[in-house]
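upload-v5.cif (mmCIF, C-alpha atoms) appears below.
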data_coords
#
loop_
_atom_site.label_atom_id
_atom_site.label_comp_id
_atom_site.auth_asym_id
_atom_site.auth_seq_id
_atom_site.Cartn_x
_atom_site.Cartn_y
_atom_site.Cartn_z
CA MET A 664 -80.94 19.15 -68.79
CA THR A 665 -82.26 17.34 -71.79
CA SER A 666 -82.23 20.39 -74.06
CA THR A 667 -79.27 21.56 -76.09
CA LEU A 668 -80.89 24.95 -76.80
CA PRO A 669 -79.80 27.90 -74.68
CA GLU A 670 -82.39 28.69 -72.00
CA SER A 671 -83.06 32.12 -73.51
CA ILE A 672 -84.37 30.60 -76.75
CA ALA A 673 -85.98 27.42 -75.47
CA ALA A 674 -89.51 26.90 -76.79
CA VAL A 675 -92.55 27.16 -74.56
CA GLY A 676 -93.56 23.65 -73.56
CA GLU A 677 -90.04 22.24 -73.71
CA ILE A 678 -89.12 19.84 -70.93
CA ASN A 679 -85.89 20.65 -69.10
CA ASP A 680 -84.95 18.01 -66.49
CA SER A 681 -88.20 17.23 -64.65
CA ILE A 682 -89.63 20.77 -64.95
CA HIS A 683 -92.04 21.42 -67.79
CA ILE A 684 -92.86 25.07 -68.54
CA ARG A 685 -96.15 25.31 -70.37
CA ARG A 686 -99.39 27.24 -70.58
CA LEU A 687 -101.96 26.99 -67.82
CA GLU A 688 -104.45 24.15 -68.24
CA LEU A 689 -107.88 23.66 -66.70
CA SER A 690 -106.57 20.65 -64.75
CA ASP A 691 -104.06 22.90 -62.96
CA HIS A 692 -106.74 23.76 -60.43
CA GLU A 693 -106.12 20.31 -58.90
CA ARG A 694 -102.33 20.78 -59.16
CA GLY A 695 -102.26 23.63 -56.66
CA PHE A 696 -102.30 26.65 -58.98
CA VAL A 697 -104.56 28.79 -56.78
CA ALA A 698 -102.68 27.79 -53.61
CA LEU A 699 -99.44 28.85 -55.31
CA LEU A 700 -100.93 32.27 -56.14
CA SER A 701 -101.84 32.69 -52.47
CA GLN A 702 -98.09 32.81 -51.74
CA LEU A 703 -98.05 36.07 -53.72
CA SER A 704 -101.21 37.82 -52.55
CA ALA A 705 -104.59 37.18 -50.96
CA CYS A 706 -106.16 34.48 -53.08
CA PRO A 707 -109.12 32.65 -51.60
CA ASP A 708 -109.60 29.18 -53.02
CA LEU A 709 -111.85 28.85 -56.04
CA THR A 710 -114.21 25.97 -56.62
CA ALA A 711 -113.57 23.90 -59.72
CA SER A 712 -116.54 25.62 -61.36
CA GLU A 713 -115.31 29.12 -60.48
CA PHE A 714 -111.84 28.24 -61.75
CA ALA A 715 -113.30 26.87 -65.01
CA THR A 716 -115.33 30.05 -65.55
CA ARG A 717 -112.31 32.34 -65.06
CA PHE A 718 -110.11 30.02 -67.15
CA ALA A 719 -112.61 30.27 -70.05
CA GLU A 720 -112.78 34.08 -69.75
CA LEU A 721 -108.99 34.40 -69.90
CA ALA A 722 -108.63 31.80 -72.66
CA ALA A 723 -111.07 33.84 -74.77
CA GLN A 724 -108.44 36.61 -74.84
CA GLY A 725 -106.21 34.32 -76.90
CA GLU A 726 -102.60 35.38 -77.29
CA ASP A 727 -103.27 38.65 -75.44
CA HIS A 728 -103.34 36.82 -72.09
CA VAL A 729 -100.81 34.07 -71.48
CA ILE A 730 -100.32 32.29 -68.16
CA LEU A 731 -97.31 30.01 -67.90
CA VAL A 732 -96.70 27.41 -65.22
CA ALA A 733 -93.68 25.34 -64.24
CA GLU A 734 -94.81 21.82 -63.48
CA ASP A 735 -92.76 19.17 -61.70
CA THR A 736 -93.33 16.14 -63.93
CA SER A 737 -91.35 13.85 -61.63
CA ALA A 738 -93.84 14.27 -58.77
CA PRO A 739 -96.83 11.90 -58.82
CA GLU A 740 -99.26 14.82 -58.38
CA ARG A 741 -97.36 16.90 -61.01
CA ARG A 742 -97.73 20.00 -58.88
CA ILE A 743 -97.26 23.55 -60.08
CA LEU A 744 -94.05 25.12 -58.71
CA ALA A 745 -94.09 28.52 -60.42
CA THR A 746 -96.25 30.74 -62.57
CA GLY A 747 -96.29 34.07 -64.36
CA CYS A 748 -98.67 35.94 -66.62
CA LEU A 749 -98.30 38.17 -69.67
CA PHE A 750 -101.08 40.52 -70.65
CA VAL A 751 -100.69 42.27 -74.02
CA GLU A 752 -102.20 45.75 -74.10
CA ARG A 753 -103.04 47.14 -77.53
CA LYS A 754 -102.30 50.87 -77.81
CA PHE A 755 -102.90 53.78 -80.16
CA LEU A 756 -99.38 54.99 -79.33
CA ARG A 757 -96.46 54.00 -81.51
CA GLY A 758 -98.63 53.33 -84.52
CA GLY A 759 -100.98 50.95 -82.76
CA GLY A 760 -98.20 49.29 -80.79
CA LYS A 761 -98.44 46.72 -78.01
CA VAL A 762 -97.16 46.72 -74.45
CA GLY A 763 -96.59 43.53 -72.49
CA HIS A 764 -97.49 43.55 -68.81
CA VAL A 765 -95.88 40.85 -66.66
CA GLU A 766 -98.02 39.95 -63.66
CA ASP A 767 -98.44 37.37 -60.93
CA VAL A 768 -94.95 35.89 -60.96
CA VAL A 769 -94.54 33.54 -58.02
CA VAL A 770 -92.38 30.53 -57.20
CA ASP A 771 -93.37 28.06 -54.50
CA ALA A 772 -91.46 28.83 -51.29
CA ALA A 773 -89.85 25.38 -51.35
CA ALA A 774 -88.52 25.92 -54.90
CA ARG A 775 -87.23 29.49 -54.61
CA GLY A 776 -83.62 30.00 -55.63
CA SER A 777 -83.81 27.24 -58.25
CA GLY A 778 -84.10 29.60 -61.23
CA LEU A 779 -87.73 28.78 -62.01
CA GLY A 780 -88.87 32.39 -61.73
CA LEU A 781 -86.14 33.50 -64.10
CA ARG A 782 -87.13 30.79 -66.58
CA ILE A 783 -90.81 31.83 -66.44
CA VAL A 784 -89.99 35.54 -66.86
CA ARG A 785 -87.63 34.88 -69.78
CA ARG A 786 -90.31 32.87 -71.55
CA LEU A 787 -92.86 35.64 -71.00
CA VAL A 788 -90.38 38.16 -72.45
CA GLU A 789 -89.90 35.94 -75.51
CA ILE A 790 -93.65 35.63 -76.01
CA ALA A 791 -94.06 39.43 -75.74
CA ARG A 792 -91.21 40.01 -78.23
CA ASP A 793 -92.75 37.49 -80.64
CA ALA A 794 -96.15 39.22 -80.25
CA GLY A 795 -94.59 42.49 -81.41
CA CYS A 796 -94.59 44.34 -78.09
CA TYR A 797 -92.37 47.42 -78.08
CA LYS A 798 -91.85 47.18 -74.31
CA ILE A 799 -92.61 45.00 -71.34
CA ILE A 800 -93.39 46.43 -67.93
CA LEU A 801 -94.07 45.09 -64.46
CA ASP A 802 -94.61 46.29 -60.92
CA CYS A 803 -92.69 44.87 -58.00
CA THR A 804 -91.76 45.59 -54.42
CA PRO A 805 -88.49 47.40 -53.72
CA GLU A 806 -87.06 44.14 -52.37
CA LEU A 807 -87.43 42.54 -55.81
CA ARG A 808 -85.66 45.26 -57.81
CA ALA A 809 -82.38 43.32 -58.00
CA TYR A 810 -84.18 40.13 -58.99
CA TYR A 811 -85.98 41.76 -61.92
CA ALA A 812 -82.79 43.58 -62.93
CA LYS A 813 -81.25 40.11 -63.25
CA CYS A 814 -84.16 39.29 -65.58
CA GLY A 815 -83.23 42.29 -67.77
CA PHE A 816 -85.66 44.92 -66.48
CA VAL A 817 -84.59 48.46 -65.57
CA GLU A 818 -86.32 50.72 -63.08
CA LYS A 819 -88.46 53.35 -64.78
CA GLY A 820 -91.00 55.71 -63.27
CA VAL A 821 -93.17 55.39 -60.20
CA GLN A 822 -96.14 53.14 -59.62
CA MET A 823 -99.27 54.60 -58.06
CA ALA A 824 -102.49 52.77 -57.27
CA ILE A 825 -105.99 53.01 -55.89
CA TYR A 826 -107.28 49.80 -54.35
CA PHE A 827 -110.98 49.02 -53.91
#

Please express what this file holds, its structure, as structure tokens.
Amino acid sequence: MTSTLPESIAAVGEINDSIHIRRLELSDHERGFVALLSQLSACPDLTASEFATRFAELAAQGEDHVILVAEDTSAPERRILATGCLFVERKFLRGGGKVGHVEDVVVDAAARGSGLGLRIVRRLVEIARDAGCYKIILDCTPELRAYYAKCGFVEKGVQMAIYF
């Protein structure tokens, strides 16, 4: 590692070894971002134009919607190996407080077990803390409970959903 800072306080965009954790960029469409998401859930490919439209919509939300990616800078194609998203919900509760929602965390199957997911989640937690969130929540499958406990999350409540 090239950094002397502890991982838990490393700045977004810092390069550690050949992995660069940074915010999503428009050019990440060509670096396999959508294909990576398809390892998490159904995610049909988007054309460059469709990707650009959605990118602009999310970018317009500013600091309330942050997507991080882990990029392998040593690979010629600089492909995306992991990603995660933080959505900041503004509430009336707690004096107009904010809640961070962690979503869409996925690590490429070939890179799982390398700690990239943990690095992404820790950065998202730091961003939420810096944004003034009073809590951060996420949904996961029962199989991932231990993983997210390792990231500092505790089980709370029950998730329910209606899908359309």

Fill in: Between atom CA of Ala733 of chain A and atom CA of Val770 of chain A, distance in Å (one decimal)
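Here the two named atoms are 8.8 Å from each other.
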
Practice prompt. Return as a PyMOL selection string the set of residues that the PyMOL selection byres ((chain A and resi 741-750) around 8) yields on the displayed structure.
Written response: chain A and resi 691+694-696+699+727-740+751-752+763-771+774+779-780+783-784+787+791

Discussion item. Would you pick out the contacts of Pro707 of chain A at 9 Å or less, using all atoms listed in the file, so that residues sharing its chain but fewer than 2 positions from it are not included, and give the list as a PyMOL selection string?
Written reply: chain A and resi 697-698+701+705+709

I'd like the residues picked by the PyMOL selection byres ((chain A and resi 794-808) around 9) written out as a PDB file with C-alpha atoms, keeping the file's coordinate frame, using the chain letters and numbers from the file.
ATOM      1  CA  GLU A 726    -102.600  35.380 -77.290  1.00  0.00           C
ATOM      2  CA  ASP A 727    -103.270  38.650 -75.440  1.00  0.00           C
ATOM      3  CA  VAL A 751    -100.690  42.270 -74.020  1.00  0.00           C
ATOM      4  CA  GLU A 752    -102.200  45.750 -74.100  1.00  0.00           C
ATOM      5  CA  ARG A 753    -103.040  47.140 -77.530  1.00  0.00           C
ATOM      6  CA  ARG A 757     -96.460  54.000 -81.510  1.00  0.00           C
ATOM      7  CA  GLY A 760     -98.200  49.290 -80.790  1.00  0.00           C
ATOM      8  CA  LYS A 761     -98.440  46.720 -78.010  1.00  0.00           C
ATOM      9  CA  VAL A 762     -97.160  46.720 -74.450  1.00  0.00           C
ATOM     10  CA  GLY A 763     -96.590  43.530 -72.490  1.00  0.00           C
ATOM     11  CA  HIS A 764     -97.490  43.550 -68.810  1.00  0.00           C
ATOM     12  CA  VAL A 765     -95.880  40.850 -66.660  1.00  0.00           C
ATOM     13  CA  GLU A 766     -98.020  39.950 -63.660  1.00  0.00           C
ATOM     14  CA  VAL A 788     -90.380  38.160 -72.450  1.00  0.00           C
ATOM     15  CA  GLU A 789     -89.900  35.940 -75.510  1.00  0.00           C
ATOM     16  CA  ILE A 790     -93.650  35.630 -76.010  1.00  0.00           C
ATOM     17  CA  ALA A 791     -94.060  39.430 -75.740  1.00  0.00           C
ATOM     18  CA  ARG A 792     -91.210  40.010 -78.230  1.00  0.00           C
ATOM     19  CA  ASP A 793     -92.750  37.490 -80.640  1.00  0.00           C
ATOM     20  CA  ALA A 809     -82.380  43.320 -58.000  1.00  0.00           C
ATOM     21  CA  TYR A 810     -84.180  40.130 -58.990  1.00  0.00           C
ATOM     22  CA  TYR A 811     -85.980  41.760 -61.920  1.00  0.00           C
ATOM     23  CA  ALA A 812     -82.790  43.580 -62.930  1.00  0.00           C
ATOM     24  CA  LYS A 813     -81.250  40.110 -63.250  1.00  0.00           C
ATOM     25  CA  PHE A 816     -85.660  44.920 -66.480  1.00  0.00           C
ATOM     26  CA  VAL A 817     -84.590  48.460 -65.570  1.00  0.00           C
ATOM     27  CA  GLU A 818     -86.320  50.720 -63.080  1.00  0.00           C
ATOM     28  CA  GLN A 822     -96.140  53.140 -59.620  1.00  0.00           C
TER      29      GLN A 822
END

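Among the candidate residues A:Leu700, A:Ile682, A:Cys706, A:Leu687, the one lying nearest to Phe718 of chain A is A:Leu687, with distances computed using all atoms listed in the file.
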
Worksheet entry | Between atom CA of Ser681 of chain A and atom CA of Ser704 of chain A, distance in Å (one decimal) |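 The value is 27.2 Å.
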
Discussion item. Would you compute the distance between atom CA of Ala723 of chain A and atom CA of Lys754 of chain A? Give it in Å to one decimal.
Written reply: 19.4 Å

Kindly list the centre and edge lengths in Å, rounded to one decimal, for the axis-aligned box that covers all listed atoms of segment 704-707 of chain A plus 6 Å on each of its six sides, as JSON.
{"center_x": -105.2, "center_y": 35.2, "center_z": -52.0, "size_x": 19.9, "size_y": 17.2, "size_z": 14.1}
